[in-house]
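Structure, as structure tokens:
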There are 2 protein chains.
Amino acid sequence: MASKNLNPNITILDVAREANVSYSTVSRVLSGFEFVKESTKQRVLEAVDHLGYVVNPQARSLAGGKSRVIGLLVPALDNGYINEIVRGIDAELNKLDYDLLLYTTHRDNGKEASYAVKLTKGLADGLLLIVPLLDNTYTETLQAQSFPYVLVDQGAPNSFIVDCTNWQGAYDATQYLIQLGHKRIGFITGLMALISAQDRLDGYRTALLDNGIKFDPDLVHVGNYTHSGAEQPTHQLLDLPVPPTAIFAANDLSAFGTLEAVRARGLRIPEDISIMGFDDIPQCLLAYPQLTTIHQPLEQMGHMAARMLVEQIENPELPPRHITLATKLVIRNSCQAL
Amino acid sequence: MASKNLNPNITILDVAREANVSYSTVSRVLSGFEFVKESTKQRVLEAVDHLGYVVNPQARSLAGGKSRVIGLLVPALDNGYINEIVRGIDAELNKLDYDLLLYTTHRDNGKEASYAVKLTKGLADGLLLIVPLLDNTYTETLQAQSFPYVLVDQGAPNSFIVDCTNWQGAYDATQYLIQLGHKRIGFITGLMALISAQDRLDGYRTALLDNGIKFDPDLVHVGNYTHSGAEQPTHQLLDLPVPPTAIFAANDLSAFGTLEAVRARGLRIPEDISIMGFDDIPQCLLAYPQLTTIHQPLEQMGHMAARMLVEQIENPELPPRHITLATKLVIRNSCQAL
DNA sequence: TGCTGTTTTACAAACGTTTGCAATTATTTT
DNA sequence: AAAATAATTGCAAACGTTTGTAAAACAGCA
């Protein structure tokens, strides 16, 4: 059927001719629908369908319209955490009929970031940032241009932000381990430059204190949210004169590293030592034993972020909002009562 | 520093004024560098830097230049397999200075696909397709418009294709299991509509035959390349009067499902039964026991695909190429000698 | 029927580039 | 020194839209 063919060389002018109207009428039908007679509208729509016309997004956006593209800036694609958020974003944007332009900074946080902004301006209507360690000049630039953006899981003044209850999550995790009878609970931190890592450490500390357990700095070792970054701290923990009976890793990836390091020593999990993660990425189910962890609603964070961004694009005067989603303890098989 | 600020409202005209040349000279400096005096070039470049000028991709592409954006069409983001390929693509495109526009079809393979093509035309310079089950009218449309595209892990006449040795990989895997002494080897297929699934099944069958083992249809059950899709077939295999001593799942995701189903019955892996996967996604290392599998160079496939696409964009007359990368057996802990 | 006020449609001017062609300038050659 | 040639540069016309403004059409009303 001719109507099924999409011909990229058809312009608004062809449609106008076919429908016997002026090209601006076609444009109005296709964008706003404002003040076009119903019968005319139908005629135009038919012509569009008949010719297989497709709007040229470049031209539209050049002429001042919106591109219906949003830029997404992520550090990399190599960890389940980001992927889950991206899935949420993608799903939501799909519903809202926006396209997704993906930038990975590849940890080259300085140049790449500013580079991406450059390109994004003019190409996208808004920007979604999942870039821990982002410096503020970045958001300031965006603000100065009043370019819509949303930050995921990171802070900055005067910004739209989506994050989750890192402090409470860590508190709950620790509380759970204490309930199981653990008193010496090792903690492997995230990348301490990140607020989330600080909050999680603080949640751990507070839960300890609230339960009358002294906070012992020897039980805290610095990790960096990666698998391999957790192995050495784990060994240090295990080498302690009185090693912990449970280890709480600041995220799942770290917990997997811990799992491996612990197992390398011939210890059984959870019989000999309990391990707790944070994030609840899909791999938790694959690990053996399945990881007990704090669920972060990653996909939902993606949804929210996308929705907030689009709201902002469509209503530029909206004041910044900060939404914090709740975490939740997910009990699986890596922790056991003492 | 002023030179560090990127101002999106600066146009080529401003640069031209600052550098005291015409705007077309600026354009030439920025695109081709053809026939511009060295000193002029310098002057322009300085002005660009000084003003923080950034080209407007929309305008460039409208005017007939290239957008330096490539579209990527994937079914979804929820499995390690796609993610790995995407990482490769992303890394390569980064090097080649192209941006990545991501479309997920969300299994709505009909409408979404054609919809994406529409948008892509005019927005991207080329298309990367990781869309199993793509019908040929799709590629035909692309060909008719001589729009550059590359297919990853799927076939179509007259197309640039990157895939890997599915047949040989399955053959090697089976051969390995046979070497370990297994004679009754169950096979859980992939989605049989896909060539890769057919090839893998055939590789398995041939290896059996080459080793003088009769091909027993009862040992083959149909899966669909997903985790949950492998559970029932696994149970069917296990319910056989004489159950297999090893199960070869057509991909890792299926193997994980098998792992779970087997474990649910209280069987030990690999002591009671050996399990073999295919793909070598990162999760294999997390699984317990770590999965023995066939390594597919997923990231490298992404690299190749990206590179082939860009070559094609820059040299439209190139004849289609079909590149097949080699798979490799990776021995871990899920298979044992009988 | 002629006026007024709406609703609808058409025209024209952007938007910021690229690129063919013409004009200018510099370099050789004679 | 003039002519011929080559190297640069500039102008103008696209590219396909959106949108402000002006014109046309239509309805309601006196």
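Ordering of the structure tokens sets the chain letters (A, B, ...); residue numbers start at 1 within each chain; ligands are numbered from 1 in the order shown.
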Please tabulate, as a Markdown table, the residues of chain A that come within 9 Å of chain C, each with its closest pair of atoms and the distance in Å to one decimal, counting only C-alpha atoms (C1' of nucleotides) and ordering rows by chain, then residue number upward.
| residue | atom | partner | partner_atom | distance |
| --- | --- | --- | --- | --- |
| A:Val21 | CA | C:DT9 | C1' | 7.9 |
| A:Ser22 | CA | C:DA10 | C1' | 6.1 |
| A:Tyr23 | CA | C:DA10 | C1' | 8.5 |
| A:Ser24 | CA | C:DA10 | C1' | 7.5 |
| A:Thr25 | CA | C:DT9 | C1' | 6.9 |
| A:Phe35 | CA | C:DT8 | C1' | 6.5 |
| A:Val36 | CA | C:DT8 | C1' | 6.3 |
| A:Lys37 | CA | C:DT8 | C1' | 6.8 |
| A:Ala59 | CA | C:DC15 | C1' | 8.4 |
| A:Ser61 | CA | C:DC15 | C1' | 8.4 |
| A:Leu62 | CA | C:DC15 | C1' | 4.9 |
| A:Ala63 | CA | C:DC15 | C1' | 4.6 |
| A:Gly64 | CA | C:DC15 | C1' | 6.6 |
Write the selection just made, keeping N, CA and C atoms, as a short mmCIF file (atom, residue, chain, number, x, y, z; two decimals), in the first residue's frame?
data_model
loop_
_atom_site.label_atom_id
_atom_site.label_comp_id
_atom_site.auth_asym_id
_atom_site.auth_seq_id
_atom_site.Cartn_x
_atom_site.Cartn_y
_atom_site.Cartn_z
N VAL A 21 -3.93 23.32 0.47
CA VAL A 21 -3.90 24.38 1.48
C VAL A 21 -2.50 24.98 1.46
N SER A 22 -2.27 25.95 2.27
CA SER A 22 -0.93 26.52 2.32
C SER A 22 -0.08 25.71 3.29
N TYR A 23 1.22 25.83 3.12
CA TYR A 23 2.10 25.00 3.94
C TYR A 23 2.00 25.35 5.42
N SER A 24 1.68 26.61 5.71
CA SER A 24 1.60 26.95 7.13
C SER A 24 0.39 26.28 7.78
N THR A 25 -0.63 26.08 6.99
CA THR A 25 -1.78 25.37 7.53
C THR A 25 -1.38 23.94 7.89
N PHE A 35 -6.92 26.63 15.64
CA PHE A 35 -7.63 27.39 14.62
C PHE A 35 -7.54 26.82 13.23
N VAL A 36 -7.79 25.55 13.11
CA VAL A 36 -7.88 24.98 11.77
C VAL A 36 -9.25 24.31 11.67
N LYS A 37 -9.91 24.57 10.60
CA LYS A 37 -11.24 24.02 10.43
C LYS A 37 -11.15 22.50 10.38
N ALA A 59 14.68 20.55 10.89
CA ALA A 59 14.08 21.80 10.43
C ALA A 59 13.14 22.34 11.49
N SER A 61 13.20 21.94 14.64
CA SER A 61 13.87 22.50 15.80
C SER A 61 14.63 23.77 15.43
N LEU A 62 15.14 23.81 14.22
CA LEU A 62 15.83 25.02 13.77
C LEU A 62 14.86 26.19 13.78
N ALA A 63 13.71 25.93 13.32
CA ALA A 63 12.73 27.00 13.18
C ALA A 63 12.15 27.42 14.53
N GLY A 64 12.67 26.87 15.58
CA GLY A 64 12.21 27.34 16.88
C GLY A 64 11.33 26.37 17.60
#
Just want the 7 Å neighbourhood of Ala249 (chain A), counted on only C-alpha atoms (C1' of nucleotides), with same-chain residues fewer than 6 positions away dropped. Output as an mmCIF file with C-alpha atoms, in the first residue's frame.
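Result file part-v4.cif:
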data_model
loop_
_atom_site.group_PDB
_atom_site.id
_atom_site.type_symbol
_atom_site.label_atom_id
_atom_site.label_comp_id
_atom_site.auth_asym_id
_atom_site.auth_seq_id
_atom_site.Cartn_x
_atom_site.Cartn_y
_atom_site.Cartn_z
ATOM 1 C CA PHE A 187 31.196 -1.575 56.506
ATOM 2 C CA ILE A 188 32.714 -1.066 53.097
ATOM 3 C CA THR A 189 32.017 2.455 51.957
ATOM 4 C CA ALA A 255 28.982 -6.768 47.889
ATOM 5 C CA MET A 276 24.464 -7.183 52.900
ATOM 6 C CA GLY A 277 24.326 -5.079 49.753
ATOM 7 C CA PHE A 278 22.604 -1.922 48.607
#
I need the chain D residues near chain B as a CSV table (one decimal) with N, CA and C atoms (P, O5', C5', C4', C3', O3' and C1' of nucleotides), in the first residue's frame; criterion: at most 12 Å, counting only C-alpha atoms (C1' of nucleotides).
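Output below, filename selection-v7.csv:
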chain,number,residue,atom,x,y,z
D,6,DA,P,46.3,25.8,-13.1
D,6,DA,O5',46.5,26.2,-11.6
D,6,DA,C5',47.8,26.5,-11.1
D,6,DA,C4',47.6,27.1,-9.7
D,6,DA,C3',46.7,26.4,-8.8
D,6,DA,O3',47.3,26.1,-7.6
D,6,DA,C1',46.1,28.7,-8.9
D,7,DA,P,46.6,25.3,-6.4
D,7,DA,O5',46.3,26.5,-5.4
D,7,DA,C5',47.3,27.3,-5.0
D,7,DA,C4',46.7,28.5,-4.2
D,7,DA,C3',45.9,28.0,-3.0
D,7,DA,O3',46.5,28.6,-1.9
D,7,DA,C1',44.7,29.6,-4.3
D,8,DT,P,45.9,28.4,-0.5
D,8,DT,O5',45.1,29.8,-0.5
D,8,DT,C5',43.9,29.8,0.0
D,8,DT,C4',43.4,31.3,-0.1
D,8,DT,C3',42.2,31.4,0.9
D,8,DT,O3',42.5,32.6,1.6
D,8,DT,C1',41.5,31.9,-1.3
D,9,DT,P,41.6,32.8,2.9
D,9,DT,O5',40.3,33.5,2.3
D,9,DT,C5',40.4,34.8,1.8
D,9,DT,C4',39.1,35.1,1.1
D,9,DT,C3',37.9,35.1,2.1
D,9,DT,O3',37.5,36.5,2.2
D,9,DT,C1',37.4,34.2,-0.1
D,10,DG,P,36.3,36.8,3.2
D,10,DG,O5',35.1,36.9,2.1
D,10,DG,C5',35.2,37.9,1.1
D,10,DG,C4',34.0,37.9,0.2
D,10,DG,C3',32.7,38.0,1.0
D,10,DG,O3',31.8,38.9,0.4
D,10,DG,C1',32.7,36.0,-0.3
D,11,DC,P,30.6,39.4,1.1
D,11,DC,O5',29.4,39.0,0.1
D,11,DC,C5',29.7,39.1,-1.3
D,11,DC,C4',28.6,38.3,-2.1
D,11,DC,C3',27.2,38.3,-1.5
D,11,DC,O3',26.3,38.6,-2.5
D,11,DC,C1',27.9,36.1,-1.8
D,12,DA,P,24.8,39.0,-2.2
D,12,DA,O5',24.1,37.6,-2.6
D,12,DA,C5',24.6,36.9,-3.8
D,12,DA,C4',23.8,35.7,-4.0
D,12,DA,C3',22.4,35.7,-3.4
D,12,DA,O3',21.6,34.9,-4.3
D,12,DA,C1',23.6,34.0,-2.3
D,13,DA,P,20.0,34.9,-4.3
D,13,DA,O5',19.7,33.4,-4.4
D,13,DA,C5',20.5,32.5,-5.2
D,13,DA,C4',20.5,31.1,-4.7
D,13,DA,C3',19.1,30.7,-4.2
D,13,DA,O3',19.0,29.3,-4.6
D,13,DA,C1',20.7,30.4,-2.5
D,14,DA,P,17.5,28.7,-4.7
D,14,DA,O5',17.2,28.5,-3.1
D,14,DA,C5',16.6,27.3,-2.7
D,14,DA,C4',17.7,26.3,-2.4
D,14,DA,C3',17.2,25.4,-1.3
D,14,DA,O3',17.3,24.0,-1.8
D,14,DA,C1',19.2,26.5,-0.5
D,15,DC,P,16.1,23.1,-1.6
D,15,DC,O5',16.3,22.3,-0.3
D,15,DC,C5',17.5,21.8,0.1
D,15,DC,C4',17.6,21.7,1.6
D,15,DC,C3',16.1,21.6,2.2
D,15,DC,O3',15.8,20.2,2.4
D,15,DC,C1',17.6,23.0,3.5
D,16,DG,P,14.3,19.8,1.9
D,16,DG,O5',13.4,20.1,3.2
D,16,DG,C5',13.7,19.4,4.4
D,16,DG,C4',12.9,20.1,5.5
D,16,DG,C3',11.4,20.1,5.3
D,16,DG,O3',10.8,19.7,6.5
D,16,DG,C1',12.3,22.3,5.8
D,17,DT,P,9.3,19.4,6.5
D,17,DT,O5',9.0,20.0,8.0
D,17,DT,C5',8.4,21.2,8.2
D,17,DT,C4',9.1,21.9,9.3
D,17,DT,C3',8.2,22.8,10.1
D,17,DT,O3',7.9,22.2,11.3
D,17,DT,C1',10.2,24.0,9.3
Surrounding residues of Leu177 (chain A) excluding itself and chain neighbours under 6 positions, 8 Å, only C-alpha atoms (C1' of nucleotides), as JSON, numbers by chain: {"A": [185, 246, 335, 337]}
Using only C-alpha atoms, please write the residues we just selected to a file, as a JSON list (two decimals), in the first residue's frame.
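Okay, this is what ended up in out21.json:
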[["chain", "number", "residue", "atom", "x", "y", "z"],
["A", 185, "ILE", "CA", 29.34, -5.28, 61.49],
["A", 246, "ALA", "CA", 28.64, -9.45, 59.02],
["A", 335, "CYS", "CA", 22.46, -12.93, 55.87],
["A", 337, "ALA", "CA", 21.12, -14.83, 62.49]]
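Once Thr104 (chain A) and its same-chain neighbours fewer than 6 positions away are set aside, Leu72, Leu73, Val74, Pro75, Ala76, Leu77, Glu112, Ala113, Ala116, Ile130 and Val131 of chain A; Arg87, Asp90, Ala91, Asn94, Asp99 and Leu100 of chain B remain within 10 Å of it when counting only C-alpha atoms (C1' of nucleotides).
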Backbone-only DSSP, strand (DSSP E or B) members of region 8-200 of chain B, as a ChimeraX atom specification: /B:69-74,99-104,121,124,126-129,149-152,160-164,185-188
Spatial neighbours of region 194-203 of chain B, 7 Å, only C-alpha atoms (C1' of nucleotides), chain gap at least 5 places, as a VMD selection string: chain B and resid 132 to 133 166 to 168 170 to 171 189 250
All helix (DSSP H, G or I) residues (DSSP, backbone) inside region 147-274 of chain A, as an MDAnalysis selection string: chainID A and resid 166:179 195:210 217:219 228:238 252:264
